[in-house]
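File shown: entry16.tsv (TSV, C-alpha atoms).
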```tsv
chain	number	residue	atom	x	y	z
A	1	MET	CA	0.00	0.00	0.00
A	2	ALA	CA	1.44	3.37	-1.03
A	3	LYS	CA	2.31	5.68	1.79
A	4	GLN	CA	0.07	8.70	1.89
A	5	THR	CA	1.74	12.08	2.05
A	6	SER	CA	0.15	15.18	3.47
A	7	HIS	CA	0.40	18.48	1.68
A	8	LYS	CA	0.08	21.69	3.58
A	9	ILE	CA	-2.17	24.24	1.96
A	10	ALA	CA	-0.33	27.51	1.52
A	11	PRO	CA	-1.97	30.39	3.36
A	12	PRO	CA	-3.68	32.90	1.07
A	13	PRO	CA	-1.92	36.18	0.32
A	14	VAL	CA	-3.40	39.03	2.32
A	15	ALA	CA	-3.78	42.70	1.48
A	16	LEU	CA	-4.33	45.24	4.24
A	17	VAL	CA	-5.91	48.55	3.25
A	18	ILE	CA	-5.79	51.09	6.06
A	19	GLY	CA	-7.95	54.13	5.37
A	20	VAL	CA	-11.26	53.29	3.72
A	21	GLY	CA	-13.71	56.15	3.49
A	22	PRO	CA	-16.78	56.76	1.32
A	23	ARG	CA	-18.33	54.14	-0.95
A	24	ARG	CA	-17.08	55.96	-4.03
A	25	GLY	CA	-13.48	56.47	-3.02
A	26	LEU	CA	-9.97	55.13	-3.37
A	27	GLY	CA	-10.03	52.84	-0.32
A	28	VAL	CA	-13.01	50.85	-1.58
A	29	ALA	CA	-11.59	50.78	-5.12
A	30	LEU	CA	-8.30	49.39	-3.80
A	31	ALA	CA	-10.08	46.70	-1.80
A	32	ARG	CA	-12.18	45.73	-4.79
A	33	ARG	CA	-9.15	45.47	-7.08
A	34	PHE	CA	-6.97	43.50	-4.68
A	35	ALA	CA	-9.76	41.07	-3.79
A	36	SER	CA	-10.69	40.60	-7.45
A	37	GLU	CA	-7.07	39.62	-8.09
A	38	GLY	CA	-7.30	36.86	-5.49
A	39	LEU	CA	-5.95	38.51	-2.33
A	40	LYS	CA	-7.87	38.16	0.89
A	41	THR	CA	-8.37	41.82	1.69
A	42	ILE	CA	-8.73	43.43	5.10
A	43	ILE	CA	-10.20	46.94	5.16
A	44	VAL	CA	-9.53	49.19	8.14
A	45	ALA	CA	-11.07	52.47	9.28
A	46	ARG	CA	-12.43	54.16	12.39
A	47	ASN	CA	-16.08	54.30	11.30
A	48	ALA	CA	-17.37	50.83	12.18
A	49	LYS	CA	-20.85	51.24	10.68
A	50	ARG	CA	-19.62	52.51	7.34
A	51	LEU	CA	-16.89	49.88	7.26
A	52	ALA	CA	-19.46	47.13	7.85
A	53	ARG	CA	-21.52	48.42	4.91
A	54	HIS	CA	-18.45	48.29	2.68
A	55	GLU	CA	-17.68	44.74	3.78
A	56	GLU	CA	-21.26	43.65	3.09
A	57	ALA	CA	-21.34	45.29	-0.34
A	58	LEU	CA	-17.98	43.90	-1.45
A	59	ARG	CA	-18.77	40.41	-0.20
A	60	ALA	CA	-22.06	40.60	-2.11
A	61	GLU	CA	-19.88	41.00	-5.22
A	62	GLY	CA	-18.25	37.68	-4.38
A	63	LEU	CA	-15.06	39.26	-3.03
A	64	ASP	CA	-13.14	38.00	-0.01
A	65	VAL	CA	-13.11	41.20	2.03
A	66	VAL	CA	-13.17	41.47	5.82
A	67	ALA	CA	-13.53	44.64	7.90
A	68	PHE	CA	-11.53	45.54	11.01
A	69	THR	CA	-12.20	48.71	12.97
A	70	ALA	CA	-9.13	50.60	14.21
A	71	ASP	CA	-7.74	54.09	14.63
A	72	ALA	CA	-4.49	54.41	12.69
A	73	THR	CA	-3.23	57.12	15.06
A	74	GLU	CA	-3.10	54.63	17.96
A	75	ASP	CA	-0.09	52.33	18.14
A	76	GLY	CA	-1.91	49.47	19.84
A	77	ALA	CA	-4.81	49.62	17.39
A	78	VAL	CA	-2.43	49.49	14.44
A	79	ALA	CA	-0.67	46.43	15.87
A	80	SER	CA	-4.05	44.75	16.42
A	81	ALA	CA	-5.04	45.36	12.81
A	82	PHE	CA	-1.83	43.72	11.63
A	83	ASP	CA	-2.31	40.79	14.02
A	84	PHE	CA	-5.80	40.30	12.63
A	85	ALA	CA	-4.57	40.46	9.04
A	86	GLN	CA	-1.79	37.96	9.65
A	87	ALA	CA	-4.26	35.56	11.23
A	88	GLN	CA	-6.04	35.45	7.86
A	89	GLY	CA	-3.03	34.38	5.78
A	90	ARG	CA	0.34	35.59	4.54
A	91	LEU	CA	0.62	39.37	4.65
A	92	SER	CA	1.80	40.49	1.20
A	93	LEU	CA	0.52	44.01	0.55
A	94	VAL	CA	-0.14	46.98	2.83
A	95	VAL	CA	-1.59	50.31	1.73
A	96	PHE	CA	-1.65	53.40	3.92
A	97	ASN	CA	-4.53	55.39	2.48
A	98	VAL	CA	-5.52	57.53	5.45
A	99	GLY	CA	-6.24	61.05	4.32
A	100	ALA	CA	-7.51	64.08	6.16
A	101	ASN	CA	-7.61	67.58	4.74
A	102	ARG	CA	-8.91	70.97	5.77
A	103	ALA	CA	-8.62	74.17	3.80
A	104	ALA	CA	-7.60	77.09	6.02
A	105	ALA	CA	-5.37	80.13	5.70
A	106	ALA	CA	-2.46	80.39	8.13
A	107	ARG	CA	-4.32	82.85	10.39
A	108	ASP	CA	-7.24	80.41	10.59
A	109	THR	CA	-5.14	77.32	11.28
A	110	SER	CA	-5.18	76.56	14.99
A	111	PRO	CA	-2.46	74.54	16.70
A	112	GLU	CA	-5.07	71.84	17.27
A	113	ASP	CA	-5.92	71.71	13.55
A	114	PHE	CA	-2.26	71.57	12.57
A	115	GLU	CA	-1.48	68.80	15.02
A	116	GLY	CA	-4.63	66.89	14.10
A	117	LEU	CA	-3.76	66.78	10.41
A	118	TRP	CA	-0.19	65.81	11.24
A	119	ARG	CA	-1.38	62.94	13.43
A	120	GLN	CA	-3.78	61.59	10.82
A	121	ASN	CA	-1.47	61.90	7.82
A	122	ALA	CA	2.14	61.70	9.05
A	123	PHE	CA	2.10	60.11	12.50
A	124	ALA	CA	-0.39	57.44	11.47
A	125	GLY	CA	1.73	56.83	8.37
A	126	PHE	CA	4.75	56.27	10.59
A	127	LEU	CA	2.89	53.82	12.84
A	128	VAL	CA	1.47	51.84	9.93
A	129	GLY	CA	4.63	52.04	7.85
A	130	ARG	CA	6.94	50.87	10.62
A	131	GLU	CA	4.65	48.00	11.55
A	132	ALA	CA	4.24	46.93	7.93
A	133	ALA	CA	7.93	47.15	7.06
A	134	LEU	CA	9.03	45.13	10.08
A	135	ARG	CA	6.45	42.41	9.53
A	136	LEU	CA	6.93	42.17	5.78
A	137	ALA	CA	10.70	42.01	6.19
A	138	ALA	CA	10.29	39.16	8.68
A	139	LEU	CA	8.19	37.32	6.08
A	140	GLY	CA	10.78	37.80	3.38
A	141	GLY	CA	9.20	40.70	1.53
A	142	GLY	CA	6.05	42.33	0.24
A	143	ALA	CA	4.80	45.75	-0.79
A	144	LEU	CA	4.06	48.83	1.30
A	145	LEU	CA	2.31	51.64	-0.58
A	146	PHE	CA	1.53	55.16	0.66
A	147	THR	CA	-1.09	57.49	-0.78
A	148	GLY	CA	0.33	60.98	-1.23
A	149	ALA	CA	-1.02	64.17	-2.78
A	150	THR	CA	0.02	67.22	-4.75
A	151	ALA	CA	0.67	68.78	-1.35
A	152	SER	CA	3.35	66.16	-0.69
A	153	LEU	CA	5.57	68.15	-3.07
A	154	ARG	CA	4.22	71.70	-3.04
A	155	ALA	CA	2.75	73.72	-0.19
A	156	ARG	CA	0.08	76.21	-1.22
A	157	THR	CA	-2.46	78.28	0.58
A	158	PRO	CA	-4.93	77.38	2.04
A	159	PHE	CA	-3.37	73.98	2.77
A	160	LEU	CA	-0.45	74.84	5.07
A	161	ALA	CA	-1.20	72.15	7.66
A	162	PHE	CA	-2.15	69.49	5.12
A	163	ALA	CA	0.95	70.09	3.00
A	164	SER	CA	3.32	69.92	5.97
A	165	ALA	CA	1.75	66.62	7.04
A	166	LYS	CA	1.86	65.11	3.55
A	167	ALA	CA	5.46	66.19	3.05
A	168	ALA	CA	6.32	64.46	6.33
A	169	LEU	CA	4.55	61.31	5.15
A	170	ARG	CA	6.65	61.36	1.99
A	171	ALA	CA	9.79	61.53	4.14
A	172	VAL	CA	8.57	58.55	6.16
A	173	ALA	CA	8.12	56.57	2.94
A	174	GLN	CA	11.60	57.51	1.69
A	175	ALA	CA	13.30	56.52	4.93
A	176	LEU	CA	11.46	53.20	5.10
A	177	ALA	CA	12.33	52.45	1.47
A	178	ARG	CA	16.03	53.02	2.09
A	179	GLU	CA	16.02	50.86	5.21
A	180	PHE	CA	13.78	48.01	4.11
A	181	ALA	CA	14.17	47.65	0.34
A	182	PRO	CA	17.35	45.59	0.85
A	183	LYS	CA	15.22	43.29	3.01
A	184	GLY	CA	12.75	42.67	0.20
A	185	VAL	CA	10.10	45.25	1.07
A	186	HIS	CA	8.94	47.37	-1.86
A	187	VAL	CA	8.03	50.79	-0.43
A	188	ALA	CA	6.34	53.18	-2.85
A	189	HIS	CA	4.82	56.63	-2.47
A	190	VAL	CA	2.05	57.56	-4.90
A	191	VAL	CA	1.45	61.25	-5.56
A	192	ILE	CA	-2.20	61.79	-6.46
A	193	ASP	CA	-1.82	65.04	-8.38
A	194	GLY	CA	-5.41	66.10	-8.77
A	195	VAL	CA	-8.93	65.51	-7.51
A	196	ILE	CA	-10.21	61.98	-7.08
A	197	ASP	CA	-13.60	61.47	-8.67
A	198	GLY	CA	-15.22	60.33	-5.45
A	199	ASP	CA	-17.63	61.22	-2.70
A	200	TYR	CA	-15.07	62.89	-0.41
A	201	ALA	CA	-14.02	65.66	-2.77
A	202	LYS	CA	-17.56	66.10	-4.03
A	203	ALA	CA	-18.85	66.68	-0.50
A	204	ASN	CA	-15.93	68.66	0.97
A	205	PHE	CA	-14.72	70.72	-2.00
A	206	PRO	CA	-17.81	70.91	-4.26
A	207	ASP	CA	-16.81	74.00	-6.23
A	208	PHE	CA	-13.34	72.70	-7.00
A	209	TYR	CA	-14.76	69.25	-7.79
A	210	GLN	CA	-17.21	70.66	-10.32
A	211	ALA	CA	-14.64	73.02	-11.84
A	212	ARG	CA	-12.36	70.14	-12.78
A	213	GLY	CA	-15.00	68.54	-14.97
A	214	ALA	CA	-15.41	64.82	-15.68
A	215	ASN	CA	-12.12	64.64	-17.61
A	216	GLY	CA	-10.17	66.48	-14.94
A	217	ARG	CA	-10.71	64.04	-12.09
A	218	LEU	CA	-8.87	60.80	-11.34
A	219	LYS	CA	-11.02	57.67	-11.42
A	220	PRO	CA	-10.55	55.57	-8.26
A	221	GLU	CA	-10.49	52.38	-10.33
A	222	ALA	CA	-7.69	53.73	-12.51
A	223	ILE	CA	-5.64	54.65	-9.45
A	224	ALA	CA	-6.24	51.18	-8.00
A	225	ALA	CA	-4.91	49.66	-11.23
A	226	ALA	CA	-1.68	51.64	-10.80
A	227	TYR	CA	-1.32	50.39	-7.21
A	228	TRP	CA	-1.77	46.83	-8.43
A	229	GLY	CA	0.94	47.43	-11.00
A	230	LEU	CA	3.32	48.56	-8.27
A	231	TYR	CA	2.57	45.42	-6.28
A	232	GLN	CA	3.40	43.24	-9.27
A	233	GLN	CA	6.72	44.89	-10.11
A	234	GLU	CA	9.78	42.67	-10.33
A	235	ARG	CA	12.35	43.61	-7.72
A	236	SER	CA	15.07	44.47	-10.24
A	237	ALA	CA	13.05	47.51	-11.33
A	238	TRP	CA	11.02	48.88	-8.43
A	239	THR	CA	9.33	52.26	-8.55
A	240	HIS	CA	9.63	54.26	-5.37
A	241	GLU	CA	7.60	57.33	-6.34
A	242	LEU	CA	4.81	57.43	-8.89
A	243	ASP	CA	2.74	60.48	-9.75
A	244	LEU	CA	-0.73	60.13	-11.21
A	245	ARG	CA	-2.79	62.92	-12.77
A	246	PRO	CA	-5.51	63.40	-15.41
A	247	PHE	CA	-4.25	63.73	-18.98
A	248	ASN	CA	-5.25	67.41	-19.11
A	249	GLU	CA	-3.82	68.42	-15.72
A	250	ILE	CA	-1.20	71.17	-15.94
A	251	PHE	CA	1.96	70.47	-13.97
```
Taking this structure as input, can you express it in the form of structure tokens?
Amino acid sequence: MAKQTSHKIAPPPVALVIGVGPRRGLGVALARRFASEGLKTIIVARNAKRLARHEEALRAEGLDVVAFTADATEDGAVASAFDFAQAQGRLSLVVFNVGANRAAAARDTSPEDFEGLWRQNAFAGFLVGREAALRLAALGGGALLFTGATASLRARTPFLAFASAKAALRAVAQALAREFAPKGVHVAHVVIDGVIDGDYAKANFPDFYQARGANGRLKPEAIAAAYWGLYQQERSAWTHELDLRPFNEIF
């Protein structure tokens, strides 16, 4: 009688998307793309009710998406989100997509507003980035992607606080790339140079949103395709910084 051999089933690759906002937005588009490509996808945000709706809607599409509620500005919560993700399979892809913005001239920017935007954009990026880089390096590699903005490169009024926070996030990404790329972790920073065609900009900056017109806004699905391309890159030719903008955007 032939001896039976047991074969271990490899754990599924896991994507962790931290920062999932409105239904029509980049976070949901990223989750949809990653899950449609076969990654078990964990979506993370602070708003538990909205997150649950996203999970239900994406699972109704036949996608393997699971929600986990956490505040990315809290170290313990970030670690818990990663623990949860790693319990689902092999962590392979992490996206920091937390974004908070507020238009205000310098005289109208309070210390609390400045610090708040810094915590949500830069400090949270540090917490998530450090945790991701350490864990991915221990696993032998993976991808860590950060969502940036035009303000990551250029500070303009009335976005003093936002620009300083996004510039700091870019520095976090650069430092992590230099430290962890040799350990197999692909760290990339994506500059979204324009307005995303989603619910956030439409609700918070309606005049600017309308002024751009349908051809002047970035489609969330198109951005998600670029993120997927970064994840698939062969390590001999990694992109660290990628800027995305509509074809008619002046730069």
Compare A:Ala10, A:Val17, A:Leu91, A:Ala52 by their minimum atom-to-atom distance to Ala224 of chain A, counting all atoms listed in the file, and give me the closest one.
-> A:Val17
Can you pull out every residue within 9 Å of segment 187-191 of chain A, counting only C-alpha atoms, but drop anything in the same chain fewer than 4 positions away, and send it as a PyMOL selection string?
-> chain A and resi 133+142-153+169-170+173-174+176-178+180-181+227+230+238-245
Could you state the separation of atom CA of Lys49 of chain A and atom CA of Gly19 of chain A in Å, given to one decimal place?
->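 One can read the atom CA of Lys49 of chain A to atom CA of Gly19 of chain A distance as 14.2 Å.
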How big is the axis-aligned box, and where does its centre sit, when it encloses all atoms of segment 96-100 of chain A listed in the file and has 8 Å added on every side, reported in Å to one decimal as JSON?
```
{"center_x": -4.6, "center_y": 58.7, "center_z": 4.3, "size_x": 21.9, "size_y": 26.7, "size_z": 19.7}
```
Selection near Val78 of chain A, 12 Å with all atoms listed in the file, sequence-local residues under 3 positions removed, as an NGL selection string = :A and (16-19 or 44-46 or 68-75 or 81-85 or 96 or 123-132)
Generate a file of the selected residues that holds C-alpha atoms, formatted as a compact mmCIF listing (two decimals), in the frame of the given file.
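Writing the result to out.txt gives the following:
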```txt
# COMPACT_ATOMS: atom_id res chain seq x y z
CA LEU A 16 -4.33 45.24 4.24
CA VAL A 17 -5.91 48.55 3.25
CA ILE A 18 -5.79 51.09 6.06
CA GLY A 19 -7.95 54.13 5.37
CA VAL A 44 -9.53 49.19 8.14
CA ALA A 45 -11.07 52.47 9.28
CA ARG A 46 -12.43 54.16 12.39
CA PHE A 68 -11.53 45.54 11.01
CA THR A 69 -12.20 48.71 12.97
CA ALA A 70 -9.13 50.60 14.21
CA ASP A 71 -7.74 54.09 14.63
CA ALA A 72 -4.49 54.41 12.69
CA THR A 73 -3.23 57.12 15.06
CA GLU A 74 -3.10 54.63 17.96
CA ASP A 75 -0.09 52.33 18.14
CA ALA A 81 -5.04 45.36 12.81
CA PHE A 82 -1.83 43.72 11.63
CA ASP A 83 -2.31 40.79 14.02
CA PHE A 84 -5.80 40.30 12.63
CA ALA A 85 -4.57 40.46 9.04
CA PHE A 96 -1.65 53.40 3.92
CA PHE A 123 2.10 60.11 12.50
CA ALA A 124 -0.39 57.44 11.47
CA GLY A 125 1.73 56.83 8.37
CA PHE A 126 4.75 56.27 10.59
CA LEU A 127 2.89 53.82 12.84
CA VAL A 128 1.47 51.84 9.93
CA GLY A 129 4.63 52.04 7.85
CA ARG A 130 6.94 50.87 10.62
CA GLU A 131 4.65 48.00 11.55
CA ALA A 132 4.24 46.93 7.93
```
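Taking atom CA of Lys166 of chain A and atom CA of Val14 of chain A as the two end points, the separation is 26.6 Å.
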How many Å separate atom CA of Ile42 of chain A from atom CA of Trp118 of chain A?
->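 That distance, rounded to one decimal, is 24.7 Å.
Taking all atoms listed in the file into account, the polymer residues that have an atom no farther than 12 Å from (-2.5, 66.0, 14.9) are A:Ala72, A:Thr73, A:Glu74, A:Ala100, A:Asn101, A:Ser110, A:Pro111, A:Glu112, A:Asp113, A:Phe114, A:Glu115, A:Gly116, A:Leu117, A:Trp118, A:Arg119, A:Gln120, A:Asn121, A:Ala122, A:Phe123, A:Ala124, A:Ala161, A:Phe162, A:Ser164, A:Ala165.
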Surrounding residues of Arg32 of chain A excluding itself and chain neighbours under 5 positions, 10 Å, only C-alpha atoms, as a list in words |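 Neighbouring residues, sequence-local ones excluded: Leu26, Gly27, Glu37, Leu39, Thr41, Leu58, Arg59, Glu61, Leu63, Asp64, Val65, Glu221 and Ala224 of chain A.
All protein, DNA and RNA residues at most 8 Å from (-9.5, 66.3, -8.8) are A:Asp193, A:Gly194, A:Val195, A:Ile196, A:Asp197, A:Ala201, A:Phe208, A:Tyr209, A:Arg212, A:Gly216, A:Arg217, A:Leu218, using all atoms listed in the file.
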Give the answer as one residue: which of A:Pro12, A:Pro206, A:Gly99, A:Phe251 has the shortest atom-to-atom distance to Gly25 of chain A, using all atoms listed in the file?
->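 Smallest separation from Gly25 of chain A among the options: A:Gly99.
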Pick the closest to Gly21 of chain A from A:Arg154, A:Arg107, A:His54, A:Arg235: which is it, counting only C-alpha atoms?
->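 Among the listed residues, A:His54 lies closest to Gly21 of chain A.
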Residue among A:Arg23, A:Arg50, A:Arg102, A:Arg90 lying closest to Asp199 of chain A, counting all atoms listed in the file =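 Looking only at the distances to Asp199 of chain A, the closest residue turns out to be A:Arg23.
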For Ala104 of chain A, please output as a VMD selection string all residues within 8 Å (counting all atoms listed in the file; exclusion window: fewer than 4 positions along the same chain).
-> chain A and resid 108 to 109 157 to 160
With the input short on atoms, add N, CA and C atoms back to segment 171-183 of chain A and write it as an mmCIF file, keeping the file's coordinate frame.
```cif
data_model
loop_
_atom_site.group_PDB
_atom_site.id
_atom_site.type_symbol
_atom_site.label_atom_id
_atom_site.label_comp_id
_atom_site.auth_asym_id
_atom_site.auth_seq_id
_atom_site.Cartn_x
_atom_site.Cartn_y
_atom_site.Cartn_z
ATOM 1 N N ALA A 171 8.486 61.797 3.524
ATOM 2 C CA ALA A 171 9.790 61.530 4.140
ATOM 3 C C ALA A 171 9.792 60.186 4.855
ATOM 4 N N VAL A 172 8.693 59.861 5.500
ATOM 5 C CA VAL A 172 8.570 58.550 6.160
ATOM 6 C C VAL A 172 8.727 57.436 5.125
ATOM 7 N N ALA A 173 8.047 57.587 3.991
ATOM 8 C CA ALA A 173 8.120 56.570 2.940
ATOM 9 C C ALA A 173 9.547 56.433 2.405
ATOM 10 N N GLN A 174 10.226 57.556 2.195
ATOM 11 C CA GLN A 174 11.600 57.510 1.690
ATOM 12 C C GLN A 174 12.530 56.792 2.660
ATOM 13 N N ALA A 175 12.419 57.134 3.931
ATOM 14 C CA ALA A 175 13.300 56.520 4.930
ATOM 15 C C ALA A 175 13.045 55.023 5.040
ATOM 16 N N LEU A 176 11.788 54.621 5.023
ATOM 17 C CA LEU A 176 11.460 53.200 5.100
ATOM 18 C C LEU A 176 11.963 52.461 3.869
ATOM 19 N N ALA A 177 11.855 53.091 2.706
ATOM 20 C CA ALA A 177 12.330 52.450 1.470
ATOM 21 C C ALA A 177 13.824 52.188 1.552
ATOM 22 N N ARG A 178 14.574 53.169 2.023
ATOM 23 C CA ARG A 178 16.030 53.020 2.090
ATOM 24 C C ARG A 178 16.447 51.959 3.110
ATOM 25 N N GLU A 179 15.671 51.840 4.172
ATOM 26 C CA GLU A 179 16.020 50.860 5.210
ATOM 27 C C GLU A 179 15.562 49.447 4.866
ATOM 28 N N PHE A 180 14.382 49.330 4.246
ATOM 29 C CA PHE A 180 13.780 48.010 4.110
ATOM 30 C C PHE A 180 13.773 47.429 2.699
ATOM 31 N N ALA A 181 14.081 48.222 1.683
ATOM 32 C CA ALA A 181 14.170 47.650 0.340
ATOM 33 C C ALA A 181 15.200 46.523 0.260
ATOM 34 N N PRO A 182 16.383 46.687 0.876
ATOM 35 C CA PRO A 182 17.350 45.590 0.850
ATOM 36 C C PRO A 182 16.855 44.318 1.544
ATOM 37 N N LYS A 183 15.791 44.448 2.316
ATOM 38 C CA LYS A 183 15.220 43.290 3.010
ATOM 39 C C LYS A 183 14.021 42.725 2.273
#
```
